[in-house]
Structures are given as C-alpha cells and as structure tokens.
$ cat query25.txt   # compact mmCIF, C-alpha atoms
# COMPACT_ATOMS: atom_id res chain seq x y z
CA MET S 26 -115.27 203.16 -19.20
CA THR S 27 -116.88 199.78 -18.43
CA THR S 28 -114.70 196.99 -19.78
CA THR S 29 -114.82 193.23 -19.54
CA LYS S 30 -111.64 191.22 -19.82
CA ILE S 31 -111.57 188.21 -22.14
CA LEU S 32 -109.76 185.54 -20.15
CA VAL S 33 -108.32 182.16 -21.05
CA PRO S 34 -110.89 179.78 -19.50
CA GLN S 35 -110.29 176.53 -17.67
CA LEU S 36 -109.18 174.11 -20.37
CA GLY S 37 -109.93 170.79 -18.77
CA GLU S 38 -108.12 168.15 -16.77
CA SER S 39 -104.31 168.64 -16.72
CA VAL S 40 -104.47 171.27 -19.51
CA VAL S 41 -102.96 174.58 -18.38
CA GLU S 42 -101.66 176.14 -21.60
CA ALA S 43 -103.00 176.85 -25.07
CA THR S 44 -102.01 178.53 -28.32
CA VAL S 45 -104.10 181.39 -29.70
CA GLY S 46 -105.74 180.39 -32.94
CA GLN S 47 -107.85 182.46 -35.31
CA TRP S 48 -109.67 185.55 -34.05
CA GLN S 49 -113.24 185.62 -35.34
CA LYS S 50 -113.60 189.29 -34.39
CA GLN S 51 -111.24 192.21 -34.90
CA VAL S 52 -110.59 195.34 -32.87
CA GLY S 53 -113.50 197.72 -33.37
CA ASP S 54 -116.09 195.02 -34.07
CA ARG S 55 -119.29 194.95 -32.04
CA VAL S 56 -119.99 191.63 -30.31
CA ASN S 57 -122.98 190.02 -28.61
CA VAL S 58 -123.05 187.80 -25.53
CA GLY S 59 -122.06 184.27 -26.44
CA GLU S 60 -120.59 185.19 -29.82
CA ILE S 61 -117.35 183.34 -30.58
CA LEU S 62 -114.33 185.65 -30.40
CA VAL S 63 -111.26 183.44 -30.73
CA GLU S 64 -110.14 179.83 -30.86
CA LEU S 65 -107.54 178.34 -28.53
CA GLU S 66 -105.57 175.25 -29.54
CA THR S 67 -104.76 172.83 -26.73
CA ASP S 68 -102.97 169.52 -26.82
CA LYS S 69 -106.36 167.79 -26.85
CA VAL S 70 -109.05 169.90 -28.54
CA ASP S 71 -109.69 173.37 -29.90
CA VAL S 72 -111.59 175.57 -27.45
CA GLU S 73 -113.83 178.41 -28.59
CA VAL S 74 -113.89 181.48 -26.33
CA GLY S 75 -117.16 183.40 -26.38
CA ALA S 76 -118.04 186.93 -25.33
CA GLU S 77 -119.33 187.20 -21.76
CA ALA S 78 -120.59 190.73 -22.34
CA ALA S 79 -121.95 192.72 -25.26
CA GLY S 80 -120.08 195.73 -26.56
CA VAL S 81 -117.12 196.58 -28.76
CA LEU S 82 -113.89 194.58 -28.94
CA VAL S 83 -111.41 197.31 -28.05
CA ALA S 84 -108.20 195.33 -27.53
CA ILE S 85 -106.48 192.13 -28.55
CA ALA S 86 -103.63 191.27 -26.18
CA HIS S 87 -102.46 188.04 -27.85
CA GLN S 88 -102.31 187.40 -31.57
CA GLN S 89 -102.58 184.11 -33.44
CA GLY S 90 -99.68 181.80 -32.55
CA ASP S 91 -99.07 183.22 -29.05
CA ASP S 92 -98.89 180.77 -26.15
CA VAL S 93 -101.15 181.62 -23.21
CA ALA S 94 -102.00 180.13 -19.81
CA VAL S 95 -105.28 179.69 -17.97
CA GLY S 96 -106.35 183.09 -16.61
CA ASP S 97 -104.33 185.20 -19.08
CA THR S 98 -106.06 188.20 -20.65
CA LEU S 99 -106.77 187.73 -24.35
CA GLY S 100 -108.41 191.11 -24.90
CA GLU S 101 -111.09 193.49 -23.67
CA ILE S 102 -114.67 194.39 -24.50
CA ASP S 103 -116.01 197.90 -23.83
CA ALA S 104 -119.68 197.63 -22.90
CA ALA S 105 -120.38 201.26 -23.75
CA GLY S 106 -118.23 201.27 -26.86
CA GLU S 107 -117.15 204.85 -26.14
CA VAL S 108 -113.39 204.50 -25.60
CA SER S 109 -111.21 204.83 -28.67
CA VAL S 110 -109.81 201.60 -30.01
CA ALA S 111 -106.26 202.93 -30.18
CA GLU S 112 -106.24 204.13 -26.55
CA THR S 113 -107.43 200.83 -25.09
CA ALA S 114 -105.26 198.69 -27.31
CA VAL S 115 -102.12 200.56 -26.30
CA SER S 116 -102.98 200.18 -22.61
CA ILE S 117 -102.79 196.41 -22.95
CA SER S 118 -100.15 195.93 -25.60
CA PRO S 119 -97.60 198.71 -26.11
CA ALA S 120 -96.60 197.29 -29.49
CA PRO S 121 -98.63 198.74 -32.38
CA LEU S 122 -101.32 196.46 -33.67
CA PRO S 123 -100.86 195.10 -37.19
CA PRO S 124 -103.28 196.19 -39.91
CA SER S 125 -106.62 194.48 -39.62
CA PRO S 126 -107.07 191.63 -42.10
CA PRO S 127 -110.04 191.51 -44.47
CA ALA S 128 -113.37 191.11 -42.76
CA PRO S 129 -114.17 187.48 -41.94
CA ALA S 130 -117.24 185.59 -43.00
CA PRO S 131 -120.43 186.54 -41.16
CA ALA S 132 -120.24 185.67 -37.48
CA THR S 133 -123.19 183.32 -37.63
CA ALA S 134 -121.57 181.20 -40.34
CA ALA S 135 -118.13 181.19 -38.71
CA ALA S 136 -119.48 180.40 -35.25
CA ALA S 137 -121.43 177.43 -36.60
CA ALA S 138 -118.42 175.83 -38.20
CA THR S 139 -115.92 173.46 -36.67
CA PRO S 140 -112.32 174.72 -36.29
CA VAL S 141 -111.05 172.31 -38.94
CA ALA S 142 -113.77 173.44 -41.36
CA ARG S 143 -112.89 177.09 -40.77
CA ARG S 144 -109.22 176.52 -41.43
CA MET S 145 -109.98 174.53 -44.57
CA ALA S 146 -112.40 177.23 -45.76
CA ASP S 147 -109.77 179.92 -45.20
CA ASP S 148 -107.14 177.91 -47.11
CA LYS S 149 -109.47 177.22 -50.06
CA GLY S 150 -111.17 180.63 -50.15
CA VAL S 151 -114.63 179.25 -49.34
CA ASP S 152 -117.31 181.56 -47.95
CA LEU S 153 -118.84 179.68 -45.01
CA ALA S 154 -122.04 181.71 -45.37
CA GLN S 155 -122.77 179.75 -48.57
CA LEU S 156 -122.73 176.38 -46.83
CA SER S 157 -125.34 174.50 -44.86
CA GLY S 158 -123.98 172.34 -42.06
CA SER S 159 -124.53 168.60 -41.76
CA GLY S 160 -122.86 168.23 -38.36
CA PRO S 161 -124.44 168.19 -34.89
CA GLY S 162 -126.60 171.27 -34.37
CA GLY S 163 -126.19 172.30 -38.01
CA ARG S 164 -122.42 172.86 -37.69
CA VAL S 165 -120.43 173.14 -40.91
CA THR S 166 -117.89 170.31 -41.00
CA LYS S 167 -114.79 169.51 -43.02
CA GLN S 168 -116.91 167.17 -45.15
CA ASP S 169 -119.30 170.05 -45.99
CA VAL S 170 -116.40 172.19 -47.21
CA THR S 171 -115.01 169.26 -49.22
CA ALA S 172 -118.42 168.60 -50.80
CA HIS S 173 -118.77 172.28 -51.70
CA LEU S 174 -115.36 172.29 -53.40
CA SER S 175 -116.20 169.11 -55.31
CA SER S 176 -119.45 170.61 -56.57
CA GLN S 177 -117.66 173.49 -58.21
CA ALA S 178 -116.76 172.72 -61.81
CA ALA S 179 -113.75 174.99 -61.65
CA PRO S 180 -113.36 176.35 -58.13
CA PRO S 181 -111.46 179.62 -58.00
CA ALA S 182 -107.99 179.37 -56.60
CA ALA S 183 -107.65 180.76 -53.11
CA PRO S 184 -105.76 184.03 -53.00
CA ALA S 185 -102.22 183.72 -51.75
CA PRO S 186 -102.04 184.76 -48.11
CA ALA S 187 -99.92 187.71 -47.17
CA VAL S 188 -96.55 186.66 -45.79
CA THR S 189 -96.32 187.74 -42.17
CA PRO S 190 -93.97 186.80 -39.35
CA ALA S 191 -96.78 184.68 -37.85
CA ALA S 192 -97.39 182.67 -41.03
CA PRO S 193 -97.29 178.95 -40.12
CA VAL S 194 -95.66 177.98 -43.43
CA MET S 195 -92.55 179.77 -44.67
CA ALA S 196 -90.45 179.09 -47.75
CA VAL S 197 -86.73 179.36 -47.09
CA ALA S 198 -83.51 178.75 -48.96
CA GLY S 199 -81.98 175.44 -47.97
CA GLU S 200 -78.68 173.75 -48.71
CA ASN S 201 -77.10 174.88 -52.00
CA GLY S 202 -80.01 177.25 -52.58
CA ARG S 203 -82.59 174.47 -52.85
CA SER S 204 -86.00 175.38 -51.48
CA GLU S 205 -87.29 174.13 -48.14
CA GLU S 206 -90.47 174.72 -46.18
CA ARG S 207 -90.70 175.48 -42.48
CA ILE S 208 -94.05 174.65 -40.86
CA ARG S 209 -94.81 175.78 -37.34
CA MET S 210 -95.90 172.80 -35.23
CA SER S 211 -99.36 173.12 -33.72
CA ARG S 212 -99.66 172.94 -29.96
CA ARG S 213 -101.29 169.53 -30.31
CA ARG S 214 -98.44 168.18 -32.42
CA ARG S 215 -95.85 169.65 -30.02
CA THR S 216 -97.60 168.06 -27.05
CA ILE S 217 -97.92 164.71 -28.81
CA ALA S 218 -94.18 164.78 -29.53
CA GLN S 219 -93.38 165.72 -25.94
CA ARG S 220 -95.64 163.06 -24.42
CA LEU S 221 -94.28 160.30 -26.66
CA VAL S 222 -90.72 161.12 -25.64
CA GLU S 223 -91.70 161.41 -21.97
CA ALA S 224 -93.44 158.03 -22.11
CA GLN S 225 -90.22 156.36 -23.22
CA HIS S 226 -88.10 158.25 -20.69
CA THR S 227 -90.31 157.77 -17.62
CA ALA S 228 -91.72 154.26 -18.10
CA ALA S 229 -89.85 150.97 -18.28
CA MET S 230 -91.67 150.11 -21.49
CA LEU S 231 -91.59 146.65 -23.02
CA THR S 232 -93.71 145.02 -25.74
CA THR S 233 -94.92 141.45 -26.07
CA PHE S 234 -96.52 139.97 -29.20
CA ASN S 235 -99.00 137.29 -30.16
CA GLU S 236 -101.30 136.45 -33.07
CA ILE S 237 -105.02 135.87 -33.22
CA ASP S 238 -107.01 133.65 -35.56
CA MET S 239 -109.91 135.89 -36.60
CA SER S 240 -111.93 133.08 -38.24
CA ALA S 241 -114.54 132.76 -35.48
CA VAL S 242 -115.19 136.50 -35.23
CA MET S 243 -115.46 136.87 -39.00
CA GLU S 244 -117.82 133.90 -39.26
CA LEU S 245 -119.96 135.24 -36.41
CA ARG S 246 -120.16 138.68 -38.00
CA LYS S 247 -121.16 137.12 -41.30
CA ARG S 248 -123.99 135.14 -39.69
CA ARG S 249 -125.29 137.91 -37.46
CA GLN S 250 -124.58 141.09 -39.46
CA ASP S 251 -127.95 141.54 -41.16
CA GLY S 252 -129.95 141.00 -37.98
CA PHE S 253 -127.58 143.22 -35.99
CA VAL S 254 -127.91 146.08 -38.47
CA LYS S 255 -131.69 145.71 -38.62
CA ARG S 256 -131.98 145.78 -34.84
CA HIS S 257 -129.36 148.39 -33.93
CA GLU S 258 -128.93 150.43 -37.16
CA ILE S 259 -125.16 150.01 -37.09
CA LYS S 260 -122.75 147.38 -38.40
CA LEU S 261 -121.05 144.93 -36.11
CA GLY S 262 -117.36 145.69 -36.48
CA PHE S 263 -114.22 144.35 -34.84
CA SER S 264 -113.89 147.16 -32.29
CA SER S 265 -116.55 145.89 -29.91
CA PHE S 266 -114.99 142.40 -29.79
CA PHE S 267 -111.60 143.77 -28.81
CA VAL S 268 -113.04 146.24 -26.28
CA LYS S 269 -114.95 143.39 -24.64
CA ALA S 270 -111.88 141.12 -24.76
CA VAL S 271 -109.68 143.82 -23.22
CA VAL S 272 -112.17 144.36 -20.39
CA GLY S 273 -112.20 140.61 -19.72
CA ALA S 274 -108.40 140.47 -19.67
CA LEU S 275 -108.18 143.55 -17.40
CA LYS S 276 -110.48 141.86 -14.90
CA ALA S 277 -108.13 138.89 -14.85
CA PHE S 278 -104.98 141.04 -14.66
CA PRO S 279 -105.99 144.28 -12.89
CA LEU S 280 -102.49 145.81 -12.76
CA LEU S 281 -102.86 146.55 -16.48
CA ASN S 282 -105.75 148.83 -15.47
CA ALA S 283 -103.67 150.84 -12.99
CA GLU S 284 -101.37 153.85 -12.84
CA ILE S 285 -98.44 154.96 -10.70
CA GLN S 286 -98.92 157.99 -8.44
CA GLY S 287 -95.76 158.71 -6.51
CA ASP S 288 -94.95 155.64 -4.43
CA GLU S 289 -98.43 154.17 -4.83
CA VAL S 290 -100.14 152.03 -7.45
CA VAL S 291 -103.74 153.06 -8.10
CA VAL S 292 -105.78 150.16 -9.48
CA LYS S 293 -108.94 151.34 -11.23
CA GLN S 294 -112.19 149.50 -10.52
CA TYR S 295 -113.77 150.88 -13.69
CA TYR S 296 -112.95 150.37 -17.35
CA ASP S 297 -112.65 153.50 -19.49
CA ILE S 298 -111.12 152.31 -22.74
CA GLY S 299 -109.36 154.83 -24.99
CA MET S 300 -109.58 154.30 -28.75
CA ALA S 301 -106.74 156.02 -30.61
CA VAL S 302 -107.90 157.92 -33.71
CA GLY S 303 -105.69 159.58 -36.32
CA ALA S 304 -107.27 163.03 -36.69
CA GLU S 305 -106.24 165.73 -39.15
CA GLU S 306 -104.07 167.56 -36.63
CA GLY S 307 -102.62 164.54 -34.87
CA LEU S 308 -103.48 161.49 -32.83
CA VAL S 309 -106.31 161.81 -30.30
CA VAL S 310 -107.63 159.21 -27.87
CA PRO S 311 -111.35 159.60 -27.13
CA VAL S 312 -112.60 157.41 -24.31
CA ILE S 313 -115.42 154.85 -24.10
CA ARG S 314 -116.66 155.19 -20.52
CA ASN S 315 -117.69 152.19 -18.44
CA ALA S 316 -117.04 149.82 -21.32
CA ASP S 317 -117.74 146.82 -19.11
CA ARG S 318 -121.38 147.88 -18.78
CA LYS S 319 -122.02 148.45 -22.48
CA SER S 320 -123.41 146.15 -25.14
CA PHE S 321 -121.72 145.39 -28.45
CA ALA S 322 -124.11 147.78 -30.20
CA THR S 323 -123.48 150.63 -27.77
CA ILE S 324 -119.72 150.23 -28.09
CA GLU S 325 -119.95 150.24 -31.89
CA LYS S 326 -122.06 153.43 -31.77
CA ASP S 327 -119.62 155.07 -29.37
CA VAL S 328 -116.69 154.23 -31.64
CA ARG S 329 -118.55 155.56 -34.70
CA ASP S 330 -119.60 158.81 -33.01
CA LEU S 331 -116.21 159.51 -31.46
CA ALA S 332 -114.41 158.85 -34.75
CA ALA S 333 -116.79 161.21 -36.57
CA LYS S 334 -116.20 163.92 -33.98
CA ALA S 335 -112.44 163.42 -34.29
CA ARG S 336 -112.63 163.85 -38.07
CA ASP S 337 -114.65 167.08 -37.95
CA GLY S 338 -112.79 168.53 -34.96
CA SER S 339 -115.77 168.58 -32.58
CA LEU S 340 -114.39 166.38 -29.79
CA SER S 341 -114.90 167.89 -26.36
CA LEU S 342 -112.50 167.79 -23.43
CA GLU S 343 -114.87 165.37 -21.72
CA ASP S 344 -114.55 163.00 -24.69
CA LEU S 345 -110.78 162.85 -24.12
CA ARG S 346 -110.56 163.00 -20.34
CA GLY S 347 -108.97 160.14 -18.43
CA GLY S 348 -108.95 156.59 -19.74
CA THR S 349 -107.55 153.52 -17.99
CA PHE S 350 -106.27 151.50 -20.98
CA THR S 351 -105.86 152.25 -24.70
CA ILE S 352 -106.43 150.33 -27.93
CA THR S 353 -104.77 151.53 -31.13
CA ASN S 354 -105.39 150.03 -34.57
CA GLY S 355 -102.61 150.50 -37.08
CA GLY S 356 -104.16 147.77 -39.19
CA ILE S 357 -106.60 150.20 -40.79
CA PHE S 358 -103.58 151.81 -42.45
CA GLY S 359 -102.08 148.49 -43.45
CA SER S 360 -99.62 148.00 -40.59
CA LEU S 361 -98.67 144.34 -40.08
CA MET S 362 -96.60 144.81 -36.90
CA SER S 363 -95.71 147.70 -34.60
CA THR S 364 -94.79 148.52 -31.01
CA PRO S 365 -97.34 151.00 -29.63
CA ILE S 366 -96.15 153.66 -27.17
CA LEU S 367 -97.85 154.01 -23.79
CA ASN S 368 -100.40 156.74 -23.21
CA PRO S 369 -99.32 158.07 -19.76
CA PRO S 370 -100.31 157.66 -17.00
CA GLN S 371 -101.73 154.37 -18.29
CA VAL S 372 -99.50 151.31 -18.03
CA GLY S 373 -100.85 149.28 -20.95
CA ILE S 374 -101.77 149.74 -24.61
CA LEU S 375 -102.94 147.11 -27.10
CA GLY S 376 -101.92 147.46 -30.74
CA LEU S 377 -104.07 145.83 -33.43
CA HIS S 378 -102.84 145.18 -36.95
CA ALA S 379 -103.98 144.17 -40.41
CA ILE S 380 -105.80 140.87 -40.88
CA GLN S 381 -103.87 138.76 -43.35
CA GLU S 382 -104.48 135.24 -44.63
CA ARG S 383 -101.51 133.08 -43.66
CA PRO S 384 -100.74 129.35 -43.53
CA ILE S 385 -100.75 127.99 -39.98
CA ALA S 386 -100.49 124.54 -38.43
CA HIS S 387 -103.85 123.29 -37.13
CA ASN S 388 -104.38 119.75 -35.76
CA GLY S 389 -101.37 118.47 -37.65
CA THR S 390 -102.29 120.03 -41.00
CA VAL S 391 -101.49 123.31 -42.71
CA VAL S 392 -104.52 125.56 -43.22
CA ILE S 393 -105.05 129.12 -44.42
CA ARG S 394 -106.56 131.37 -41.75
CA PRO S 395 -107.17 135.13 -41.40
CA MET S 396 -104.54 136.07 -38.80
CA MET S 397 -103.83 139.29 -36.91
CA TYR S 398 -100.67 140.15 -35.03
CA VAL S 399 -101.34 141.94 -31.75
CA ALA S 400 -98.88 143.78 -29.52
CA LEU S 401 -99.10 144.78 -25.87
CA SER S 402 -96.79 147.51 -24.61
CA TYR S 403 -96.66 147.74 -20.84
CA ASP S 404 -94.88 149.53 -18.00
CA HIS S 405 -92.50 147.00 -16.48
CA ARG S 406 -92.32 149.04 -13.26
CA ILE S 407 -95.57 147.48 -12.05
CA VAL S 408 -96.41 144.87 -14.69
CA ASP S 409 -94.23 141.78 -14.84
CA GLY S 410 -93.54 139.97 -18.09
CA ARG S 411 -95.56 136.96 -16.98
CA GLU S 412 -98.67 139.08 -16.40
CA ALA S 413 -98.24 140.90 -19.71
CA VAL S 414 -97.90 137.66 -21.67
CA GLN S 415 -100.88 136.09 -19.89
CA PHE S 416 -102.97 139.23 -20.46
CA LEU S 417 -102.34 139.05 -24.20
CA VAL S 418 -103.04 135.33 -24.24
CA ARG S 419 -106.35 136.02 -22.50
CA VAL S 420 -107.27 138.59 -25.17
CA LYS S 421 -106.39 136.00 -27.82
CA GLU S 422 -108.54 133.33 -26.14
CA LEU S 423 -111.57 135.60 -25.86
CA VAL S 424 -111.41 136.84 -29.45
CA GLU S 425 -110.85 133.35 -30.88
CA ASP S 426 -113.89 132.14 -28.90
CA PRO S 427 -116.17 135.19 -29.19
CA GLU S 428 -119.14 133.51 -27.54
CA SER S 429 -117.09 133.46 -24.32
CA LEU S 430 -117.25 137.24 -24.35
CA LEU S 431 -120.89 136.95 -23.27
CA LEU S 432 -119.66 135.40 -20.01
CA GLU S 433 -117.35 138.38 -19.45
CA GLY S 434 -120.21 140.88 -19.80

$ encode --input "query25.txt" --output "structure tokens"
Amino acid sequence: MTTTKILVPQLGESVVEATVGQWQKQVGDRVNVGEILVELETDKVDVEVGAEAAGVLVAIAHQQGDDVAVGDTLGEIDAAGEVSVAETAVSISPAPLPPSPPAPAPATAAAAATPVARRMADDKGVDLAQLSGSGPGGRVTKQDVTAHLSSQAAPPAAPAPAVTPAAPVMAVAGENGRSEERIRMSRRRRTIAQRLVEAQHTAAMLTTFNEIDMSAVMELRKRRQDGFVKRHEIKLGFSSFFVKAVVGALKAFPLLNAEIQGDEVVVKQYYDIGMAVGAEEGLVVPVIRNADRKSFATIEKDVRDLAAKARDGSLSLEDLRGGTFTITNGGIFGSLMSTPILNPPQVGILGLHAIQERPIAHNGTVVIRPMMYVALSYDHRIVDGREAVQFLVRVKELVEDPESLLLEG
C-alpha cells in the first residue's frame, strides 16, 4: 500500500492551530493532485488544503469541528486505491466513521468558490455548479450566491439539515421550557474574544479623544472628485486622508509605531497600517504595506480591494500579517463615540466615527460644521499621555489642513 498523509500545513505567522471545516471529498472518493480536500478555519482566514498526490481518499482522521495543530494528520490518500476503505479508516481512527453525507457539488464548482460562498450555498440549498463566478480567477463569491437567490421567483426552501452532535446550531429547552439556541463559536470568533480580553489584561490601555472639523477635506473632495475618478478610476474617500495623517503623526511620535518584546521596545521604521473590517465571520484587520510610500489613489485602491476580499472570504494570510498601527471606523455603522481596543502587539489604534453637523465656536461666532470625534487608545506602558494627546492633535491638524499632507508624503 502506497499512502500519502494529508497534513495540517503551516498556517502563517503566529498561527499554530485551526478548526476543521467542511470536507469537500468523502472517504472512497478519487482525488487529483491539487484538488481541494478540506477547509481549515484559523483565527485569521480559512485555509484550503489540497491533495498532494492522486489516488483515493481512504481515511478521514478529523471531522468538521475538530481542533488540529500544524503537522497533525487529517487523513490519508492511497495512490493505488487498492486498500479497503474500512481497513485504512480504522487504522487511523478506531471510532466508526459516521454515514457519508449526500454527495457534494462537483469538485470543480466547489473548489472555485470562496468558503463563505460555499457555506451560504449549503445553507440555502444552492447548487454551485449552476453559478458563474465574478470573483478573482472566476471564483464564486457570496455576492454571486445572493444574486442567484434573488433571481429565483420562488427559491425552494433548503432542506433541513440532519441533527448531529457536530451541528453548529442546536435548539435546547431554556428556562421554564422556553426555547433557546446554542451556536458553536467559530475559531475566528473564539480567537477574537480571547485577544480582546488579553489586550485589556496585558496592556495598560488608555484612550484620549478629540474632534476634527472635516470641512476642508469634504470641500477638497468635492472640487477634485471628478478629476480624481477620471484619472485613477476610483473615488477619493476619507480613508486615504486618515492613513496619510496617521503616517505623519507616527513620524512625529514614533513610539506609537512600536511594540514591546520582553524588556525591549522595538520601534518600527516602516508604516504598515491595518484597516479594521467587519467581515461576515468577525473582525479582520488587513494591512496596507508601506503606506508612507503610497499615493492617495493607491491607498484608496488597497482599501477597496482588501474590503472586497474580506467580504467574500478571500483574504490571504499575507493580507493580514503584521501591521504596526491600526485604524478602525465605527462611523460607517453610525457610531458617534467609542473606545477602540488595541490590536496586540501594536500599542496604538485610532478610532474614527460618524461625521455629524454640529454648532461650534469659530472666530467668536457660532457656525455649523461637519465634525468627527476621534479616539486614540494606546498602551501606557511605553506611550505617555502627553505623547498620545499630541499624536491625536497632529492627526487633527493634518486632516483639517489636508494640503499639508503633501508635505508628509
């Protein structure tokens, strides 16, 4: 017997564990080299594990929902396809395998779909083979599944899934017999929860606030928008102004662009700015690399592309790796004020909020201006209050005088 083990691959920087997601192949199925076998959920992205050898999938060692570590055996492929499925499966997992579920959609359709699209298709009973993908490389995205459902006059209801011990949603009897629902947290959600608590336990976190008059930026965008779109084929948003302003403030106050490693402070001489995005399965922070070297147009394109990848679940580990400072924008959801939590090991995060017209005093008179509250959370272990306040003031100065941002670039 010539078998090849299916191993949990390297999952990226600082990622050592994953949760087994959906198997695309079942025991007894023939597979080709490169064909997607199973998805692994990490705290950052979903990783697809492909076949490194052709043959027959003769064993599955870990079922959906199991936690695994880098190097663990997920299953085995028999190159000759001669050994009985039962014999090989028992050699890896003494427990009897559960009955095989109905055959999945054709491998080509499933493999060319994003993980979020596959889960949505499973939930709604959509055959991925019927869809054409609009994503990168022809991948079927969540938007493709949504469009397909919308195009159906009366889409058939998805069949109710069989209730199994591994089902992520389970109806239970609650207090006084009233119904409740228990939903198994995804690995990403569990990790987000853990990291948020750790950030508050390990860092001496404080937040300082200020407000920014957005009049100059809004007037500049109004004057330059048409020409900007014509030249760069993308709109000039607010993101690029704040990324540029943050870079300028970090140059003035470099300890906000540092991290603590043991008894040392490591000050970064580069500016990789994370942009927090609320994805379907939880918050992710893709990174704009070398933001200090990029134009307004390039930053806007990076933000657009990373947000699109976050929505359709196609972010790579490289998209999320590292980052020296983070910007999060609760204003897009209507937040007027919040205290953002640090993204370890970073020591600073800037929170943006909704723009709201408010009366302010200006040159002795009361005027109505579009104002935005901003918040800077920082690690007081290495950043003093004076530096934090001055950093935020510098961001305010640069945004309120956007032409000065050209001098920072």

$ closest_residue --input "query25.txt" --among "S:Asp147, S:Asp169, S:Asp344, S:Glu60" --to "S:Gly299" --atoms "only C-alpha atoms"
S:Asp344

$ residues_around --input "query25.txt" --residues "S:Leu417" --least-positions-apart "3" --cutoff "12 Å" --atoms "all atoms listed in the file" --output "JSON, numbers by chain"
{"S": [232, 233, 234, 235, 236, 237, 267, 270, 271, 272, 273, 274, 275, 277, 278, 281, 373, 374, 375, 376, 377, 398, 399, 400, 401, 402, 403, 410, 411, 412, 413, 414, 420, 421, 422, 423, 424]}

$ atom_distance --input "query25.txt" --atom1 "atom CA of S:Phe253" --atom2 "atom CA of S:Ile380"
22.4 Å

$ closest_atom_pairs --input "query25.txt" --of "stretch 215-272 of chain S" --to "stretch 308-320 of chain S" --cutoff "9 Å" --atoms "all atoms listed in the file" --output "tab-separated table"
residue	atom	partner	partner_atom	distance
S:Ile217	CA	S:Leu308	CA	7.6
S:Ser265	CA	S:Ser320	CA	8.4
S:Val268	CA	S:Ala316	CA	7.3
S:Lys269	CA	S:Asp317	CA	7.1
S:Val272	CA	S:Asp317	CA	6.2

$ closest_residue --input "query25.txt" --among "S:Arg207, S:Lys293, S:Lys50, S:Lys30" --to "S:Ala78" --atoms "only C-alpha atoms"
S:Lys30

$ closest_residue --input "query25.txt" --among "S:Ala332, S:Val45, S:Met397, S:Ala301" --to "S:Val95" --atoms "all atoms listed in the file"
S:Val45

$ residues_around --input "query25.txt" --residues "S:Glu64" --least-positions-apart "6" --cutoff "9 Å" --atoms "only C-alpha atoms" --output "ChimeraX atom specification"
/S:44-49,71-74,140

$ closest_residue --input "query25.txt" --among "S:Leu331, S:Ala322, S:Ile102, S:Ile385" --to "S:Gly303" --atoms "all atoms listed in the file"
S:Leu331

$ residues_around --input "query25.txt" --residues "S:His387" --least-positions-apart "6" --cutoff "12 Å" --atoms "only C-alpha atoms" --output "count of residues only"
3

$ closest_residue --input "query25.txt" --among "S:Asn57, S:Gln371, S:Gln51, S:Thr351" --to "S:Met230" --atoms "all atoms listed in the file"
S:Gln371

$ atom_distance --input "query25.txt" --atom1 "atom CA of S:Val58" --atom2 "atom CA of S:Ala146"
25.2 Å

$ closest_residue --input "query25.txt" --among "S:Ser159, S:Arg329, S:Asp152, S:Pro365" --to "S:Leu174" --atoms "all atoms listed in the file"
S:Asp152

$ atom_distance --input "query25.txt" --atom1 "atom CA of S:Val170" --atom2 "atom CA of S:Leu36"
27.9 Å
